[in-house]
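Text of the file final_28.pdb, holding PDB, C-alpha atoms (C1' of nucleotides):
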```pdb
ATOM      1  CA  MET A 178      70.499 -21.611   9.015
ATOM      2  CA  GLN A 179      68.628 -22.772  12.107
ATOM      3  CA  GLU A 180      69.270 -20.186  14.774
ATOM      4  CA  SER A 181      68.540 -16.705  13.617
ATOM      5  CA  ILE A 182      66.534 -14.401  15.801
ATOM      6  CA  VAL A 183      63.901 -12.202  14.207
ATOM      7  CA  GLU A 184      62.176  -9.388  16.068
ATOM      8  CA  ILE A 185      58.653 -10.376  17.138
ATOM      9  CA  ALA A 186      56.856  -7.730  15.078
ATOM     10  CA  LYS A 187      58.834  -8.618  11.975
ATOM     11  CA  ALA A 188      58.249 -12.333  12.506
ATOM     12  CA  ALA A 189      54.521 -11.754  12.957
ATOM     13  CA  SER A 190      54.346  -9.878   9.669
ATOM     14  CA  ILE A 191      56.153 -12.702   7.872
ATOM     15  CA  LEU A 192      53.877 -15.312   9.426
ATOM     16  CA  LYS A 193      50.833 -13.311   8.461
ATOM     17  CA  LEU A 194      52.099 -13.231   4.885
ATOM     18  CA  LEU A 195      52.626 -16.975   4.878
ATOM     19  CA  GLY A 196      49.298 -17.491   6.586
ATOM     20  CA  ASP A 197      47.514 -17.444   3.263
ATOM     21  CA  LYS A 198      47.138 -20.718   1.412
ATOM     22  CA  THR A 199      47.967 -19.250  -1.978
ATOM     23  CA  ARG A 200      51.078 -17.407  -0.811
ATOM     24  CA  LEU A 201      52.270 -20.289   1.310
ATOM     25  CA  THR A 202      51.989 -22.679  -1.625
ATOM     26  CA  MET A 203      53.785 -20.195  -3.878
ATOM     27  CA  VAL A 204      56.676 -19.889  -1.472
ATOM     28  CA  LYS A 205      56.894 -23.650  -1.048
ATOM     29  CA  MET A 206      57.017 -24.002  -4.832
ATOM     30  CA  LEU A 207      59.735 -21.368  -5.073
ATOM     31  CA  ASP A 208      61.772 -23.387  -2.618
ATOM     32  CA  THR A 209      62.467 -25.905  -5.365
ATOM     33  CA  ASN A 210      61.792 -24.000  -8.603
ATOM     34  CA  ASP A 211      61.888 -20.422  -9.746
ATOM     35  CA  CYS A 212      58.564 -19.472 -11.279
ATOM     36  CA  CYS A 213      56.987 -16.703 -13.295
ATOM     37  CA  VAL A 214      53.626 -15.085 -12.703
ATOM     38  CA  CYS A 215      51.950 -16.844 -15.602
ATOM     39  CA  GLU A 216      52.693 -20.223 -14.064
ATOM     40  CA  PHE A 217      51.093 -19.218 -10.801
ATOM     41  CA  VAL A 218      48.066 -17.900 -12.639
ATOM     42  CA  GLU A 219      47.597 -21.297 -14.293
ATOM     43  CA  ILE A 220      48.185 -23.255 -11.123
ATOM     44  CA  PHE A 221      45.975 -21.278  -8.772
ATOM     45  CA  LYS A 222      43.225 -20.772 -11.305
ATOM     46  CA  THR A 223      42.796 -17.202 -10.225
ATOM     47  CA  SER A 224      43.193 -13.851 -11.950
ATOM     48  CA  GLN A 225      46.577 -12.435 -12.903
ATOM     49  CA  PRO A 226      46.110  -9.305 -10.754
ATOM     50  CA  ALA A 227      45.342 -11.474  -7.734
ATOM     51  CA  ILE A 228      48.622 -13.317  -8.216
ATOM     52  CA  SER A 229      50.510 -10.086  -8.841
ATOM     53  CA  GLN A 230      49.204  -8.656  -5.598
ATOM     54  CA  HIS A 231      50.216 -11.720  -3.619
ATOM     55  CA  ILE A 232      53.693 -11.588  -5.116
ATOM     56  CA  ARG A 233      53.991  -7.908  -4.381
ATOM     57  CA  LYS A 234      53.403  -8.494  -0.695
ATOM     58  CA  LEU A 235      56.013 -11.226  -0.643
ATOM     59  CA  LYS A 236      58.424  -8.972  -2.491
ATOM     60  CA  ASP A 237      57.788  -5.975  -0.246
ATOM     61  CA  ALA A 238      58.596  -8.161   2.765
ATOM     62  CA  GLY A 239      61.795  -9.334   1.134
ATOM     63  CA  VAL A 240      60.702 -12.965   1.007
ATOM     64  CA  VAL A 241      61.006 -13.231  -2.768
ATOM     65  CA  LYS A 242      63.039 -11.402  -5.358
ATOM     66  CA  GLU A 243      62.486 -10.896  -9.056
ATOM     67  CA  THR A 244      64.657 -11.165 -12.120
ATOM     68  CA  ARG A 245      63.427  -9.945 -15.437
ATOM     69  CA  ARG A 246      64.065 -12.323 -18.297
ATOM     70  CA  GLY A 247      62.829 -10.693 -21.448
ATOM     71  CA  GLN A 248      59.159 -10.121 -21.148
ATOM     72  CA  TRP A 249      58.886 -12.502 -18.199
ATOM     73  CA  ILE A 250      59.678 -11.806 -14.599
ATOM     74  CA  ILE A 251      61.062 -14.785 -12.769
ATOM     75  CA  TYR A 252      60.509 -14.972  -9.041
ATOM     76  CA  SER A 253      62.718 -16.798  -6.599
ATOM     77  CA  LEU A 254      63.232 -17.028  -2.866
ATOM     78  CA  ASN A 255      65.393 -14.258  -1.505
ATOM     79  CA  LYS A 256      68.019 -16.293   0.296
ATOM     80  CA  SER A 257      69.800 -13.264   1.641
ATOM     81  CA  SER A 258      66.744 -12.019   3.481
ATOM     82  CA  GLU A 259      67.014 -11.679   7.220
ATOM     83  CA  CYS A 260      64.003 -13.939   7.586
ATOM     84  CA  TYR A 261      65.049 -16.596   5.124
ATOM     85  CA  PRO A 262      66.078 -19.014   7.898
ATOM     86  CA  LEU A 263      62.654 -18.682   9.498
ATOM     87  CA  VAL A 264      60.942 -19.213   6.162
ATOM     88  CA  GLN A 265      63.111 -22.247   5.437
ATOM     89  CA  ASN A 266      62.268 -23.826   8.749
ATOM     90  CA  ILE A 267      58.586 -23.396   8.077
ATOM     91  CA  LEU A 268      58.811 -24.813   4.567
ATOM     92  CA  LYS A 269      60.389 -27.981   5.926
ATOM     93  CA  HIS A 270      57.061 -28.874   7.464
ATOM     94  CA  LEU A 271      55.115 -28.606   4.231
ATOM     95  CA  PRO A 272      54.485 -31.315   1.674
ATOM     96  CA  ASN A 273      56.366 -30.902  -1.587
ATOM     97  CA  GLN A 274      54.345 -29.105  -4.269
ATOM     98  CA  ASP A 275      56.365 -30.056  -7.321
ATOM     99  CA  PHE A 276      53.444 -32.034  -8.681
ATOM    100  CA  LYS A 277      51.766 -28.748  -9.494
ATOM    101  CA  LEU A 278      54.478 -27.731 -11.936
ATOM    102  CA  GLN A 279      54.572 -31.263 -13.303
ATOM    103  CA  GLU A 280      50.885 -31.090 -14.084
ATOM    104  CA  LEU A 281      51.449 -27.795 -15.879
ATOM    105  CA  GLU A 282      54.204 -29.417 -17.873
ATOM    106  CA  LYS A 283      51.883 -32.256 -18.906
ATOM    107  CA  GLN A 284      49.477 -29.711 -20.298
ATOM    108  CA  GLY A 285      52.339 -28.056 -22.132
ATOM    109  CA  LEU A 286      51.642 -24.815 -20.304
ATOM    110  CA  ARG A 287      55.042 -24.411 -18.783
ATOM    111  CA  ILE A 288      56.998 -24.020 -21.993
ATOM    112  CA  SER A 289      55.817 -20.439 -22.442
ATOM    113  CA  CYS A 290      58.245 -18.959 -19.959
ATOM    114  CA  GLU A 291      61.451 -20.577 -21.201
TER     115      GLU A 291
ATOM    116  CA  MET B 121      60.653 -32.770  16.571
ATOM    117  CA  GLN B 122      62.032 -31.278  13.411
ATOM    118  CA  GLU B 123      60.496 -33.201  10.534
ATOM    119  CA  SER B 124      56.730 -33.371  10.746
ATOM    120  CA  ILE B 125      54.702 -32.666   7.667
ATOM    121  CA  VAL B 126      51.568 -30.580   8.005
ATOM    122  CA  GLU B 127      49.023 -30.208   5.225
ATOM    123  CA  ILE B 128      49.350 -26.849   3.458
ATOM    124  CA  ALA B 129      45.891 -25.591   4.374
ATOM    125  CA  LYS B 130      46.354 -26.525   8.020
ATOM    126  CA  ALA B 131      49.803 -24.938   8.104
ATOM    127  CA  ALA B 132      48.471 -21.733   6.555
ATOM    128  CA  SER B 133      45.794 -21.481   9.216
ATOM    129  CA  ILE B 134      48.364 -21.928  11.978
ATOM    130  CA  LEU B 135      50.655 -19.329  10.432
ATOM    131  CA  LYS B 136      47.770 -16.918  10.107
ATOM    132  CA  LEU B 137      47.039 -17.380  13.803
ATOM    133  CA  LEU B 138      50.667 -16.731  14.708
ATOM    134  CA  GLY B 139      50.770 -13.822  12.284
ATOM    135  CA  ASP B 140      49.412 -11.501  14.918
ATOM    136  CA  LYS B 141      51.839  -9.779  17.218
ATOM    137  CA  THR B 142      49.775 -10.306  20.345
ATOM    138  CA  ARG B 143      49.134 -14.000  19.726
ATOM    139  CA  LEU B 144      52.687 -14.662  18.631
ATOM    140  CA  THR B 145      54.051 -13.054  21.781
ATOM    141  CA  MET B 146      51.593 -15.019  23.912
ATOM    142  CA  VAL B 147      52.669 -18.302  22.370
ATOM    143  CA  LYS B 148      56.332 -17.439  22.799
ATOM    144  CA  MET B 149      55.668 -16.668  26.444
ATOM    145  CA  LEU B 150      53.827 -19.956  26.892
ATOM    146  CA  ASP B 151      56.869 -21.732  25.529
ATOM    147  CA  THR B 152      58.651 -21.040  28.812
ATOM    148  CA  ASN B 153      55.830 -20.333  31.304
ATOM    149  CA  ASP B 154      52.210 -21.279  31.689
ATOM    150  CA  CYS B 155      50.082 -18.163  32.015
ATOM    151  CA  CYS B 156      46.596 -17.141  32.952
ATOM    152  CA  VAL B 157      44.411 -14.619  31.185
ATOM    153  CA  CYS B 158      44.856 -11.931  33.794
ATOM    154  CA  GLU B 159      48.602 -11.904  33.211
ATOM    155  CA  PHE B 160      48.138 -11.394  29.497
ATOM    156  CA  VAL B 161      45.668  -8.608  30.150
ATOM    157  CA  GLU B 162      48.272  -6.786  32.251
ATOM    158  CA  ILE B 163      51.071  -7.400  29.804
ATOM    159  CA  PHE B 164      49.330  -6.433  26.604
ATOM    160  CA  LYS B 165      47.487  -3.530  28.138
ATOM    161  CA  THR B 166      44.336  -4.423  26.292
ATOM    162  CA  SER B 167      40.867  -5.476  27.383
ATOM    163  CA  GLN B 168      40.136  -8.852  28.919
ATOM    164  CA  PRO B 169      37.695  -9.818  26.153
ATOM    165  CA  ALA B 170      40.324  -9.052  23.527
ATOM    166  CA  ILE B 171      42.738 -11.445  25.226
ATOM    167  CA  SER B 172      40.027 -14.055  25.690
ATOM    168  CA  GLN B 173      39.253 -13.930  21.997
ATOM    169  CA  HIS B 174      42.880 -14.355  21.006
ATOM    170  CA  ILE B 175      43.215 -17.334  23.322
ATOM    171  CA  ARG B 176      40.053 -18.875  21.992
ATOM    172  CA  LYS B 177      41.454 -18.887  18.476
ATOM    173  CA  LEU B 178      44.655 -20.506  19.679
ATOM    174  CA  LYS B 179      42.654 -23.075  21.623
ATOM    175  CA  ASP B 180      40.317 -23.844  18.721
ATOM    176  CA  ALA B 181      43.357 -24.534  16.549
ATOM    177  CA  GLY B 182      44.808 -26.831  19.198
ATOM    178  CA  VAL B 183      47.875 -24.662  19.741
ATOM    179  CA  VAL B 184      47.194 -24.110  23.438
ATOM    180  CA  LYS B 185      45.293 -26.021  26.075
ATOM    181  CA  GLU B 186      43.679 -24.906  29.294
ATOM    182  CA  THR B 187      43.660 -26.218  32.840
ATOM    183  CA  ARG B 188      41.333 -24.771  35.368
ATOM    184  CA  ARG B 189      42.921 -24.033  38.738
ATOM    185  CA  GLY B 190      40.260 -22.744  41.057
ATOM    186  CA  GLN B 191      38.935 -19.535  39.659
ATOM    187  CA  TRP B 192      41.857 -19.174  37.269
ATOM    188  CA  ILE B 193      42.345 -20.867  33.951
ATOM    189  CA  ILE B 194      45.960 -21.621  33.196
ATOM    190  CA  TYR B 195      46.985 -21.814  29.576
ATOM    191  CA  SER B 196      49.895 -23.815  28.236
ATOM    192  CA  LEU B 197      51.231 -24.965  24.897
ATOM    193  CA  ASN B 198      49.567 -28.120  23.650
ATOM    194  CA  LYS B 199      52.588 -30.288  23.059
ATOM    195  CA  SER B 200      50.584 -33.152  21.676
ATOM    196  CA  SER B 201      49.166 -31.069  18.851
ATOM    197  CA  GLU B 202      49.933 -32.198  15.336
ATOM    198  CA  CYS B 203      51.390 -28.778  14.625
ATOM    199  CA  TYR B 204      53.454 -28.446  17.778
ATOM    200  CA  PRO B 205      56.718 -29.215  15.934
ATOM    201  CA  LEU B 206      56.001 -26.465  13.425
ATOM    202  CA  VAL B 207      55.163 -24.029  16.200
ATOM    203  CA  GLN B 208      58.321 -24.961  18.091
ATOM    204  CA  ASN B 209      60.487 -24.373  15.068
ATOM    205  CA  ILE B 210      58.982 -20.949  14.607
ATOM    206  CA  LEU B 211      59.412 -20.011  18.255
ATOM    207  CA  LYS B 212      63.120 -20.798  18.052
ATOM    208  CA  HIS B 213      63.545 -17.729  15.883
ATOM    209  CA  LEU B 214      61.925 -15.340  18.332
ATOM    210  CA  PRO B 215      63.603 -13.401  21.116
ATOM    211  CA  ASN B 216      62.805 -14.606  24.614
ATOM    212  CA  GLN B 217      59.896 -12.744  26.210
ATOM    213  CA  ASP B 218      60.469 -13.692  29.826
ATOM    214  CA  PHE B 219      61.219 -10.097  30.708
ATOM    215  CA  LYS B 220      57.516  -9.383  30.349
ATOM    216  CA  LEU B 221      56.601 -11.711  33.189
ATOM    217  CA  GLN B 222      59.532 -10.436  35.200
ATOM    218  CA  GLU B 223      58.236  -6.908  34.881
ATOM    219  CA  LEU B 224      54.834  -8.072  36.078
ATOM    220  CA  GLU B 225      56.489  -9.726  39.032
ATOM    221  CA  LYS B 226      58.268  -6.501  39.922
ATOM    222  CA  GLN B 227      54.921  -4.764  40.055
ATOM    223  CA  GLY B 228      53.604  -7.588  42.221
ATOM    224  CA  LEU B 229      50.909  -8.314  39.676
ATOM    225  CA  ARG B 230      51.808 -11.891  39.079
ATOM    226  CA  ILE B 231      51.096 -13.205  42.538
ATOM    227  CA  SER B 232      47.368 -13.102  41.968
ATOM    228  CA  CYS B 233      47.277 -16.303  39.965
ATOM    229  CA  GLU B 234      49.252 -18.541  42.277
TER     230      GLU B 234
ATOM    231  C1'  DT C   5      55.754   2.090 -35.130
ATOM    232  C1'  DC C   6      52.453  -1.036 -33.741
ATOM    233  C1'  DA C   7      50.266  -5.420 -32.257
ATOM    234  C1'  DA C   8      50.704  -8.999 -28.916
ATOM    235  C1'  DC C   9      52.015 -10.633 -24.639
ATOM    236  C1'  DA C  10      53.466 -10.469 -19.561
ATOM    237  C1'  DT C  11      52.981  -8.062 -15.624
ATOM    238  C1'  DA C  12      51.729  -4.131 -12.463
ATOM    239  C1'  DT C  13      48.652  -0.822 -10.587
ATOM    240  C1'  DA C  14      44.215   1.399  -9.394
ATOM    241  C1'  DA C  15      39.557   1.406  -7.980
ATOM    242  C1'  DT C  16      35.920  -1.042  -5.929
ATOM    243  C1'  DC C  17      33.629  -4.313  -3.022
ATOM    244  C1'  DA C  18      32.394  -8.214   0.075
ATOM    245  C1'  DT C  19      34.478 -10.705   3.750
ATOM    246  C1'  DT C  20      37.315 -11.197   7.662
ATOM    247  C1'  DT C  21      39.588  -9.442  11.584
ATOM    248  C1'  DG C  22      40.350  -7.406  16.079
ATOM    249  C1'  DC C  23      38.770  -4.229  19.057
ATOM    250  C1'  DT C  24      35.144  -2.219  22.201
ATOM    251  C1'  DT C  25      31.149  -2.368  25.410
ATOM    252  C1'  DA C  26      27.772  -5.049  27.622
ATOM    253  C1'  DT C  27      26.491  -9.195  29.616
ATOM    254  C1'  DA C  28      26.804 -14.152  30.987
ATOM    255  C1'  DT C  29      29.061 -18.009  33.384
ATOM    256  C1'  DA C  30      31.786 -20.081  36.890
ATOM    257  C1'  DA C  31      34.435 -20.364  41.116
ATOM    258  C1'  DT C  32      35.605 -18.445  45.741
ATOM    259  C1'  DA C  33      34.900 -16.132  50.118
ATOM    260  C1'  DC C  34      32.071 -14.189  53.370
TER     261       DC C  34
ATOM    262  C1'  DG D 277      22.756 -17.075  49.391
ATOM    263  C1'  DT D 278      25.359 -12.940  47.803
ATOM    264  C1'  DA D 279      29.382 -10.209  46.595
ATOM    265  C1'  DT D 280      33.695 -10.524  44.332
ATOM    266  C1'  DT D 281      36.865 -12.121  41.042
ATOM    267  C1'  DA D 282      38.251 -14.521  36.665
ATOM    268  C1'  DT D 283      36.940 -15.649  32.350
ATOM    269  C1'  DA D 284      33.845 -16.279  28.243
ATOM    270  C1'  DT D 285      30.508 -14.849  24.945
ATOM    271  C1'  DA D 286      27.661 -11.655  22.142
ATOM    272  C1'  DA D 287      26.834  -7.646  19.425
ATOM    273  C1'  DG D 288      28.514  -3.855  16.920
ATOM    274  C1'  DC D 289      31.912  -1.382  14.298
ATOM    275  C1'  DA D 290      36.149   0.396  11.928
ATOM    276  C1'  DA D 291      40.047  -1.268   9.567
ATOM    277  C1'  DA D 292      42.434  -4.712   6.902
ATOM    278  C1'  DT D 293      42.285  -8.276   3.392
ATOM    279  C1'  DG D 294      41.762 -10.615  -0.965
ATOM    280  C1'  DA D 295      39.210 -10.839  -4.954
ATOM    281  C1'  DT D 296      37.422  -8.579  -9.340
ATOM    282  C1'  DT D 297      37.409  -5.457 -13.406
ATOM    283  C1'  DA D 298      39.623  -1.888 -15.873
ATOM    284  C1'  DT D 299      43.694   0.209 -17.219
ATOM    285  C1'  DA D 300      48.706   1.213 -17.400
ATOM    286  C1'  DT D 301      53.514  -0.163 -18.196
ATOM    287  C1'  DG D 302      57.122  -2.589 -20.318
ATOM    288  C1'  DT D 303      59.155  -5.984 -23.655
ATOM    289  C1'  DT D 304      59.251  -8.441 -28.087
ATOM    290  C1'  DG D 305      58.916  -9.083 -32.851
ATOM    291  C1'  DA D 306      56.779  -7.980 -37.370
TER     292       DA D 306
END
```
Show me, as structure tokens, the structure contained in the file I just sent.
Amino acid sequence: MQESIVEIAKAASILKLLGDKTRLTMVKMLDTNDCCVCEFVEIFKTSQPAISQHIRKLKDAGVVKETRRGQWIIYSLNKSSECYPLVQNILKHLPNQDFKLQELEKQGLRISCE
Amino acid sequence: MQESIVEIAKAASILKLLGDKTRLTMVKMLDTNDCCVCEFVEIFKTSQPAISQHIRKLKDAGVVKETRRGQWIIYSLNKSSECYPLVQNILKHLPNQDFKLQELEKQGLRISCE
DNA sequence: TCAACATATAATCATTTGCTTATATAATAC
DNA sequence: GTATTATATAAGCAAATGATTATATGTTGA
């Protein structure tokens, strides 16, 4: 998990992706919980297209993958990505973000996607 | 070295900085050798101001530090930075870039800064 | 089939980014 | 001091980025 070498240009593109507060937080959240778009929309208090566009970039880079579950699309970390070890190592340095989902739960807003 | 927690916003700003091929390569190079601006200018085949501006961003974020040596300014990784552990962990995933300095040496262009 | 919901895509726009050229600052060597 | 060298800063500009609004697509359930 620790020692995987990623080409410089590829690594730079991954770091650039993660170099956005919204995307970085999303990925950290996905490290412990799969999430759907509607949850992110609630949590980041931004528009649904904005979230969709962030997710698309992460998906295009292979960082996340999607699974359709009925009308919802559930996103999760793509553990078989070439850059997953790099991403993991970065996430280790970030504070846990589970409280965000817990807050959603308190407001009863998380039930929708189950 | 491994487990240091960095605030999400701070981490995102560091990742954004490293999310540029030129800066990422520079930092990887500095991991094994201190360098001066003129070396980077040769290596990246770009203008001196462009290099200066990249270095300034890295310096402002505390990623690198400078030491003046006569008319040269030698840059090195700032190992006492709060985000040094994060940076180190990222660099581990990158291919060694020493060949770049070796090529410079072959051309005799590295002597200038010694 | 159609209304409602979840998500994606397109078009647009203001902001940020990274480069260039021109110029300033600082140290060295004569 | 003055020329030379190394580096920094400023101004300007084209390209990339991230948001918004409007619209399209796809799924569910009556």
- Which one of A:Leu278, A:Leu271, A:Cys260, A:Ile228 sits closest to chain C if you count only C-alpha atoms (C1' of nucleotides)?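 For chain C, the nearest of the given residues is A:Ile228.
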- Nearby residues (only C-alpha atoms (C1' of nucleotides)) at most 8 Å from range 298-305 of chain D, same-chain spacing under 5 positions excluded, as a list of chain:residue names: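 The contact residues come out as A:Gly247, A:Gln248, C:DA12, C:DT13, C:DA14.
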Mind writing the picked residues with C-alpha atoms (C1' of nucleotides) as a short mmCIF file (atom, residue, chain, number, x, y, z; two decimals), in the coordinates of the input?
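Written out: part_25.cif:
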```
data_model
loop_
_atom_site.label_atom_id
_atom_site.label_comp_id
_atom_site.auth_asym_id
_atom_site.auth_seq_id
_atom_site.Cartn_x
_atom_site.Cartn_y
_atom_site.Cartn_z
CA GLY A 247 62.83 -10.69 -21.45
CA GLN A 248 59.16 -10.12 -21.15
"C1'" DA C 12 51.73 -4.13 -12.46
"C1'" DT C 13 48.65 -0.82 -10.59
"C1'" DA C 14 44.22 1.40 -9.39
#
```
- Task: Up to 12 Å from chain B, what residues of chain D turn up? Count all atoms listed in the file and give them as a list in words.
- Result: DT280, DT281, DA282, DT283, DA284, DT285 and DA286 of chain D
- Which one is closest to chain C: B:Leu211, B:Leu197, B:Leu137, B:Val147? Count all atoms listed in the file. B:Leu137
- Query: Got a sec to pull out which chain C residues are within 8 Å of chain A, counting all atoms listed in the file, and send them as number ranges by chain?
  - Reply: C: 9-12
- Message: I need the contact residues of chain B against chain A, so if you could list those with any atom within 6 Å, counting all atoms listed in the file, and return them as a ChimeraX atom specification, that would help.
- Response: /B:124-126,129,132-133,135-136,139-141,213-214
With C-alpha atoms retained, could you export that selection as a JSON list (two decimals), keeping the file's coordinate frame?
```
[["chain", "number", "residue", "atom", "x", "y", "z"],
["B", 124, "SER", "CA", 56.73, -33.37, 10.75],
["B", 125, "ILE", "CA", 54.70, -32.67, 7.67],
["B", 126, "VAL", "CA", 51.57, -30.58, 8.01],
["B", 129, "ALA", "CA", 45.89, -25.59, 4.37],
["B", 132, "ALA", "CA", 48.47, -21.73, 6.56],
["B", 133, "SER", "CA", 45.79, -21.48, 9.22],
["B", 135, "LEU", "CA", 50.66, -19.33, 10.43],
["B", 136, "LYS", "CA", 47.77, -16.92, 10.11],
["B", 139, "GLY", "CA", 50.77, -13.82, 12.28],
["B", 140, "ASP", "CA", 49.41, -11.50, 14.92],
["B", 141, "LYS", "CA", 51.84, -9.78, 17.22],
["B", 213, "HIS", "CA", 63.54, -17.73, 15.88],
["B", 214, "LEU", "CA", 61.92, -15.34, 18.33]]
```
I need every residue sitting at most 9 Å from the point (40.5, -3.6, 10.8) (coordinates as in the file, only C-alpha atoms (C1' of nucleotides) considered), written as a short mmCIF file (atom, residue, chain, number, x, y, z; two decimals) with C-alpha atoms (C1' of nucleotides), keeping the file's coordinate frame.
```cif
data_model
loop_
_atom_site.label_atom_id
_atom_site.label_comp_id
_atom_site.auth_asym_id
_atom_site.auth_seq_id
_atom_site.Cartn_x
_atom_site.Cartn_y
_atom_site.Cartn_z
"C1'" DT C 20 37.32 -11.20 7.66
"C1'" DT C 21 39.59 -9.44 11.58
"C1'" DG C 22 40.35 -7.41 16.08
"C1'" DC C 23 38.77 -4.23 19.06
"C1'" DA D 290 36.15 0.40 11.93
"C1'" DA D 291 40.05 -1.27 9.57
"C1'" DA D 292 42.43 -4.71 6.90
"C1'" DT D 293 42.28 -8.28 3.39
#
```
Selection result of the PyMOL selection byres ((chain C and resi 7) around 9) on this file, as a PDB file with C-alpha atoms (C1' of nucleotides), keeping the file's coordinate frame:
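Listing of result_4.pdb after writing:
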```
ATOM      1  C1'  DC C   6      52.453  -1.036 -33.741  1.00  0.00           C
ATOM      2  C1'  DA C   8      50.704  -8.999 -28.916  1.00  0.00           C
TER       3       DA C   8
ATOM      4  C1'  DA D 306      56.779  -7.980 -37.370  1.00  0.00           C
TER       5       DA D 306
END
```
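If you look at CA of Asp154 in chain B and C1' of DA31 in chain C, they are 20.1 Å away from each other.
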Range 281-284 of chain D, all listed atoms, 5 Å padding on each side: what axis-aligned box centre and edge lengths in Å to one decimal come out, as JSON?
```
{"center_x": 36.0, "center_y": -14.2, "center_z": 34.6, "size_x": 14.4, "size_y": 14.2, "size_z": 22.8}
```
